[in-house]
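Participant: So that we are looking at the same thing, I have put the structure below in structure tokens.
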Amino acid sequence: MSLRMQVVLATGNRGKAAELREALAPLEWQLLTLEDLGGLQLPQETGNTYEDNAALKACFAALKLGLPALADDSGLEVRALGGQPGIYSARFGDKRTDLERNVFLLESMRGAEDRSATFVSVLVLAYPDGGLETYRGEVSGTILEGPRGSGGFGYDSLFLVPGLGKTMAELSREEKRRISHRGLALDQLLAHHLSSHQAPLP
């Protein structure tokens, strides 16, 4: 892929789109949102894995728009809840807002001694010809008993990052970019595409 190709960000989440746009800046891709292209509605996430759901969205957008499309599916896996909410993180408990889902999560974990959790992110870059690239990142941490921080989105304010003493919502954008689950998946994507365009040694 050319460093200056057009790529669609196949997400309706503005926070996620902003993170992707900033992280992908080194590639010099022309990044387009679904709003830029007429507001394409993505299909429902009916897959059984993060990879399935990310591929579903990326392939749909790539085929409909005739452009490479990048989609993410991510989730929070809480040990005390048997790995929930997992792939259902964005609609956990049938709640509509981040605040409602956070409250529901805390209520579900009331009295839990083990508050360990893992954030997972899978990125899929789909091409109109059917080609797929998949990248996965994970970070482990602890769920607090109440929110801290005003940055980020989703469950960020409840997720304490080991070794830093901060929640994801308390990290600077640069810190989050460096250590987050999505950041780790993006590092793999960047490494692949930047290395593929390095000039050969003389």
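Ligands are numbered from 1 in the order shown, chains are lettered A, B, ... in the order of the structure tokens, and residues start at 1 in each chain.
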Can you pull out the residues contacting segment 50-66 of chain A? Cut-off 12 Å, using only C-alpha atoms, and skip same-chain residues under 2 positions away; I want them as an NGL selection string.
Facilitator: :A and (6-12 or 32-34 or 36-48 or 68-77 or 86-89 or 119-138)
Participant: So which bits of chain A end up strand (DSSP E or B) when you DSSP the backbone, as a VMD selection string?
Facilitator: chain A and resid 6 to 9 30 to 33 69 to 78 85 116 to 126 132 to 143 159 to 161 166 to 167
Participant: Mind giving me the straight-line distance from atom CA of Val78 of chain A to atom CA of Ile143 of chain A in Å, one decimal?
Facilitator: 8.1 Å
Participant: So which residues of segment 10-192 of chain A fall under helix (DSSP H, G or I) by DSSP, listed as an NGL selection string?
Facilitator: :A and (14-23 or 25-27 or 50-65 or 79-81 or 86-94 or 98-108 or 156-158 or 168-170 or 173-179 or 181-192)
Participant: Pick the closest to Val103 of chain A from A:Thr167, A:Ser180, A:Ser157, A:Ser195: which is it, counting only C-alpha atoms?
Facilitator: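 Of A:Thr167, A:Ser180, A:Ser157, A:Ser195, the one nearest Val103 of chain A, counting only C-alpha atoms, is A:Ser157.
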Participant: Go through A:Phe153, A:Leu189, A:Glu100, A:Gly183 one by one, measure the shortest atom-to-atom distance of each to Ala169 of chain A using only C-alpha atoms, and give the residue with the smallest value.
Facilitator: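 Checking each of A:Phe153, A:Leu189, A:Glu100, A:Gly183 against Ala169 of chain A, counting only C-alpha atoms, the winner is A:Phe153.
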